[in-house]
4 protein chains.
Amino acid sequence: MEYNTKQIQIIEVAERLFANKGFAGTSVRDIAQEADINVSMISYYFGSKEKLIEALFNVRMVESRSRMENILQNEELTPLQKVNIWIDTVIDRLMGNQCFYNIMMREQLSAERTPIISDHILELKRRNIALMNTLITAGQESGVFKKNIDLGLMTTTLYGTINQAIATQDFYKKINNLEALSDEEFQIYLKRKLSVHLKSIFKLTVSNEHHIQN
Amino acid sequence: MEYNTKQIQIIEVAERLFANKGFAGTSVRDIAQEADINVSMISYYFGSKEKLIEALFNVRMVESRSRMENILQNEELTPLQKVNIWIDTVIDRLMGNQCFYNIMMREQLSAERTPIISDHILELKRRNIALMNTLITAGQESGVFKKNIDLGLMTTTLYGTINQAIATQDFYKKINNLEALSDEEFQIYLKRKLSVHLKSIFKLTVSNEHHIQN
Amino acid sequence: MEYNTKQIQIIEVAERLFANKGFAGTSVRDIAQEADINVSMISYYFGSKEKLIEALFNVRMVESRSRMENILQNEELTPLQKVNIWIDTVIDRLMGNQCFYNIMMREQLSAERTPIISDHILELKRRNIALMNTLITAGQESGVFKKNIDLGLMTTTLYGTINQAIATQDFYKKINNLEALSDEEFQIYLKRKLSVHLKSIFKLTVSNEHHIQN
Amino acid sequence: MEYNTKQIQIIEVAERLFANKGFAGTSVRDIAQEADINVSMISYYFGSKEKLIEALFNVRMVESRSRMENILQNEELTPLQKVNIWIDTVIDRLMGNQCFYNIMMREQLSAERTPIISDHILELKRRNIALMNTLITAGQESGVFKKNIDLGLMTTTLYGTINQAIATQDFYKKINNLEALSDEEFQIYLKRKLSVHLKSIFKLTVSNEHHIQN
DNA sequence: CATGAATGAGAGTTCATTCAT
DNA sequence: GATGAATGAACTCTCATTCAT
């Protein structure tokens with residue numbers, strides 16, 4: 001499905017507003033005003049407000065596809081290095097698309113799910129789990145990773161920690177007296193912190209390396 | 001602030017609906033219908049829809065107060081035991097009030113925050129961080145906990161993992177072929193899994209014990 | 001029809017609010033709050049909001065009765081003196097019950113009249129016209145008043161001027177730089193001005209005296 | 001500010017209803033029904049019910065502007081002739097826009113004034129007083145008008161008498177047995193009566209002419 | 001192809017009144 | 001006799017969408 005310039009523009013405005021005010025809390029008039037278009041354009045271009053958020057998911061989901069497949073194919077990296085790169089990739093992806101992942105989080109919290117969106121999310125998760133499974137299994141076979149790793153929960157911790165960090169970043173800023181930092185500086189700071197934190201957790205939880213180190 | 005039986009009933013219905021459909025996505029007529037009361041009752045009892053969600057936060061926040069203070073005061077427990085009990089307490093609390101914590105999560109995701117609610121959340125977090133800080137510091141002083149623990153991120157991982165697990169429980173059920181389990185059974189299963197998983201992470205990340213054990 | 005203390009209290013509050021915000025613009029809750037009583041009291045004591053304004057008219061109309069009859073019976077006064085006293089009486093009555101006459105004015109402006117109130121007003125006017133008619137006729141017979149006086153229009157001018165003066169008193173104050181005066185002082189000032197003004201008009205219009213004077 | 005045909009139509013319906021039932025007593029549904037439009041049109045075209053009445057004042061106020069300025073510029077007329085023409089102009093204006101001046105009267109009676117409307121009224125009055133002032137002063141300078149004329153009160157009498165006559169026209173009709181007359185006939189009759197009556201009052205009160213005549 | 005006008009449904013809230021006590 | 005709880009209707013306004021052009 002291809003979208004023209006105007007549609008992309010609408011989608012981007014909608015993405016920001018849906019993230020800030022929620023889907024139901026955002027009116028098509030809000031979107032139209034921010035995007036500087038006529039209200040009827042949303043229905044005209046997408047059919048309905050519902051279809052607009054579906055379009056948003058289409059665009060963002062397609063974008064995120066086939067980005068991670070490459071990590072695994074690099075044969076020069078150790079499994080742990082791959083895990084670390086993967087962690088950084090997820091951090092970058094989530095932090096770089098906070099609006100979108102905010103909407104996705106909301107959508108997951110919702111009981112009244114739009115099938116198309118649910119399908120998108122489900123597929124994305126399956127793919128992520130599958131990729132990670134390949135990665136972990138390879139590590140286990142070469143003996144550097146523990147057996148009995150609950151992949152589902154590890155993924156939950158990875159995504160959950162990042163999502164929670166994004167959702168509560170204002171609080172984190174306040175608690176750690178980082179209010180002097182600019183938005184950009186703080187984003188970089190938080191990414192770095194999350195990276196170290198999550199890699200540490202994964203190393204300790206997943207790998208056997210620390211046995212040797214200590 | 002005290003609420004009568006009818007008000008409590010309305011709050012409970014509202015809690016469920018706000019969790020399922022979001023605040024903006026839930027109309028006062030939806031609530032009235034579910035609670036089998038007249039639409040005007042919401043304004044009558046709470047003043048407005050906005051005030052209703054504030055009342056909800058008042059009730060739930062008051063409930064959760066002074067539940068955890070007791071853990072720390074038990075002098076027979078080791079710091080790690082306290083951390084483990086604390087983890088289980090948080091899991092029980094979040095999983096036992098999924099609706100409410102769903103709403104709280106949504107509220108955090110929102111840019112347009114209700115001041116009263118934001119204040120509630122901020123205060124709750126400060127209290128949690130402060131409590132955990134006491135706990136961790138005690139462990140560090142007795143030498144069983146590592147230095148340089150980022151408490152903010154540890155808390156983020158704890159709450160983030162549980163929240164993510166709750167938000168994606170349907171997916172988790174599907175992935176792990178647990179669809180045969182009843183809702184109740186699955187809740188118990190998930191709690192157990194989360195407990196083991198998070199305790200493991202905390203033990204590995206926070207304590208020095210594994211040096212000796214291994 | 002007799003009203004108890006509480007009813008009188010409600011009527012007085014209602015009178016002020018109806019004057020300030022209009023009948024439709026005043027809610028029974030406004031009245032109840034100002035009168036410091038329960039909302040249901042209005043219906044309880046008067047039957048309905050509609051009946052309340054009727055009660056108000058009952059009370060005020062009864063009060064104003066038989067006040068003017070005495071003027072005519074004083075045989076020591078000349079017809080013109082009687083007219084002048086009558087003018088002052090009307091000024092005092094209207095200015096002293098501005099709230100009530102405000103409501104009466106509004107009621108007259110309304111197309112959707114309450115029959116009982118309309119009847120009250122109609123009866124009051126008939127009485128006033130009849131009284132004045134006696135007065136004027138006596139003056140005409142004794143030769144001091146002109147023939148061909150349009151009593152209806154003279155009354156219209158009398159009441160119209162006073163009502164207009166009351167309605168536009170803020171403007172009059174501003175125009176004549178009287179804003180330094182206290183409310184009470186200004187009321188006295190305006191009464192005096194109206195008295196002189198209207199007496200002058202009536203003298204010139206009604207009596208033959210100025211022929212002699214000049 | 002320009003209004004399209006539909007807006008003008010709505011304004012006209014609103015004018016009549018506001019005059020008949022008051023602003024608060026008229027619902028937007030009433031207006032919509034009478035104007036045969038959808039309820040939402042009022043908000044759509046004017047923003048709100050409040051803005052609708054402001055629009056009404058905008059329209060009517062603009063209309064009445066620069067109508068009277070011409071009277072003064074005619075150099076062939078004597079001051080008294082000018083006053084008489086001015087009286088007829090005011091009668092025509094008020095009687096020809098009874099609905100609007102009814103609303104204006106109500107607005108003046110209200111304590112809770114809409115600033116924009118109050119400003120309109122204030123400005124209109126200032127203009128009228130200023131114009132009349134020019135007229136009277138010229139007459140005084142040429143010796144045909146008395147000194148010491150209270151312009152404010154004269155204006156009050158002029159407008160007050162006409163407004164009162166309009167407000168009580170049903171009563172006047174009844175009192176003078178004019179119920180056989182059609183509405184139109186009665187309007188003409190009343191205009192004529194008011195004209196003679198007010199001109200007489202003004203002549204007697206304002207001019208010195210009658211000194212000579214008698 | 002794109003637009004602004006227009007719509008009916010539904011939003012949250014307030015209304016005058018009634019009911020049970 | 002008096003009250004506070006509760007009601008259903010009505011309020012103004014905004015919603016997503018459709019229509020005519």
# chains A, B, ... in the order shown; residues from 1 in each chain; ligands from 1
>>> select_by_dssp(residues="range 12-119 of chain D", states="helix (DSSP H, G or I)", output="number ranges by chain")
D: 12-21, 28-35, 40-46, 49-64, 69-73, 79-96, 98-109, 115-119
>>> closest_atom_pairs(of="chain A", to="chain E", cutoff="9 Å", atoms="only C-alpha atoms (C1' of nucleotides)", output="CSV")
residue,atom,partner,partner_atom,distance
A:Asn38,CA,E:DT3,C1',7.5
A:Ser40,CA,E:DT3,C1',7.9
A:Met41,CA,E:DA2,C1',8.4
A:Tyr44,CA,E:DA2,C1',8.9
>>> closest_atom_pairs(of="chain A", to="chain B", cutoff="6 Å", atoms="only C-alpha atoms", output="CSV")
residue,atom,partner,partner_atom,distance
A:Asn20,CA,B:Ala111,CA,4.6
A:Lys21,CA,B:Ser110,CA,5.8
A:Ala24,CA,B:Gly25,CA,5.1
A:Gly25,CA,B:Ala24,CA,5.1
A:Gln108,CA,B:Ala167,CA,5.8
A:Leu109,CA,B:Ala167,CA,5.4
A:Ser110,CA,B:Asn20,CA,5.1
A:Ala111,CA,B:Asn20,CA,4.6
A:Thr156,CA,B:Thr161,CA,5.6
A:Thr157,CA,B:Thr161,CA,4.5
A:Gly160,CA,B:Gly160,CA,4.2
A:Thr161,CA,B:Thr157,CA,4.5
A:Gln164,CA,B:Gly160,CA,4.8
A:Ala167,CA,B:Leu109,CA,5.4
>>> write_last_selection(atoms="N, CA, C and O atoms", output="mmCIF file, in the first residue's frame")
data_model
loop_
_atom_site.group_PDB
_atom_site.id
_atom_site.type_symbol
_atom_site.label_atom_id
_atom_site.label_comp_id
_atom_site.auth_asym_id
_atom_site.auth_seq_id
_atom_site.Cartn_x
_atom_site.Cartn_y
_atom_site.Cartn_z
ATOM 1 N N ASN A 20 -0.027 11.749 21.947
ATOM 2 C CA ASN A 20 -0.175 12.720 23.048
ATOM 3 C C ASN A 20 -1.550 12.684 23.716
ATOM 4 O O ASN A 20 -1.649 12.902 24.924
ATOM 5 N N LYS A 21 -2.583 12.425 22.923
ATOM 6 C CA LYS A 21 -3.926 12.532 23.475
ATOM 7 C C LYS A 21 -4.740 11.255 23.368
ATOM 8 O O LYS A 21 -5.897 11.219 23.794
ATOM 9 N N ALA A 24 -9.029 8.086 20.846
ATOM 10 C CA ALA A 24 -10.358 8.653 21.095
ATOM 11 C C ALA A 24 -10.267 10.123 21.492
ATOM 12 O O ALA A 24 -11.169 10.900 21.198
ATOM 13 N N GLY A 25 -9.179 10.489 22.128
ATOM 14 C CA GLY A 25 -9.018 11.865 22.595
ATOM 15 C C GLY A 25 -8.599 12.835 21.504
ATOM 16 O O GLY A 25 -8.556 14.041 21.713
ATOM 17 N N GLN A 108 -2.182 -1.932 22.846
ATOM 18 C CA GLN A 108 -2.076 -3.195 23.572
ATOM 19 C C GLN A 108 -2.863 -3.152 24.883
ATOM 20 O O GLN A 108 -3.383 -4.158 25.346
ATOM 21 N N LEU A 109 -2.929 -1.975 25.465
ATOM 22 C CA LEU A 109 -3.669 -1.833 26.724
ATOM 23 C C LEU A 109 -5.176 -1.917 26.494
ATOM 24 O O LEU A 109 -5.939 -2.159 27.420
ATOM 25 N N SER A 110 -5.577 -1.718 25.262
ATOM 26 C CA SER A 110 -6.999 -1.649 24.945
ATOM 27 C C SER A 110 -7.628 -3.025 24.839
ATOM 28 O O SER A 110 -7.024 -3.963 24.322
ATOM 29 N N ALA A 111 -8.865 -3.113 25.324
ATOM 30 C CA ALA A 111 -9.609 -4.361 25.167
ATOM 31 C C ALA A 111 -10.302 -4.379 23.807
ATOM 32 O O ALA A 111 -10.465 -5.433 23.195
ATOM 33 N N THR A 156 9.962 -9.553 27.184
ATOM 34 C CA THR A 156 9.076 -8.699 27.984
ATOM 35 C C THR A 156 9.882 -7.693 28.793
ATOM 36 O O THR A 156 9.548 -6.507 28.874
ATOM 37 N N THR A 157 10.960 -8.181 29.399
ATOM 38 C CA THR A 157 11.809 -7.293 30.190
ATOM 39 C C THR A 157 12.459 -6.230 29.302
ATOM 40 O O THR A 157 12.505 -5.050 29.652
ATOM 41 N N GLY A 160 9.575 -4.017 27.943
ATOM 42 C CA GLY A 160 8.912 -3.400 29.093
ATOM 43 C C GLY A 160 9.769 -2.325 29.724
ATOM 44 O O GLY A 160 9.284 -1.231 30.036
ATOM 45 N N THR A 161 11.066 -2.627 29.897
ATOM 46 C CA THR A 161 11.965 -1.647 30.516
ATOM 47 C C THR A 161 12.058 -0.378 29.664
ATOM 48 O O THR A 161 11.945 0.735 30.181
ATOM 49 N N GLN A 164 8.682 1.475 29.651
ATOM 50 C CA GLN A 164 8.475 2.110 30.954
ATOM 51 C C GLN A 164 9.389 3.333 31.090
ATOM 52 O O GLN A 164 8.963 4.377 31.590
ATOM 53 N N ALA A 167 7.899 6.071 29.053
ATOM 54 C CA ALA A 167 6.661 6.596 29.652
ATOM 55 C C ALA A 167 6.947 7.433 30.887
ATOM 56 O O ALA A 167 6.232 8.386 31.175
#
>>> residues_around(residues="range 78-88 of chain C", least_positions_apart="5", cutoff="10 Å", atoms="only C-alpha atoms (C1' of nucleotides)", output="PyMOL selection string")
chain C and resi 68+71-73+93-94+131-132+135-140+142+144-145+155+158-159+191-192+194-196+198-200+202-203+206-207+209
>>> interface_residues(of="chain F", to="chain C", cutoff="9 Å", atoms="only C-alpha atoms (C1' of nucleotides)", output="number ranges by chain")
F: 2-4
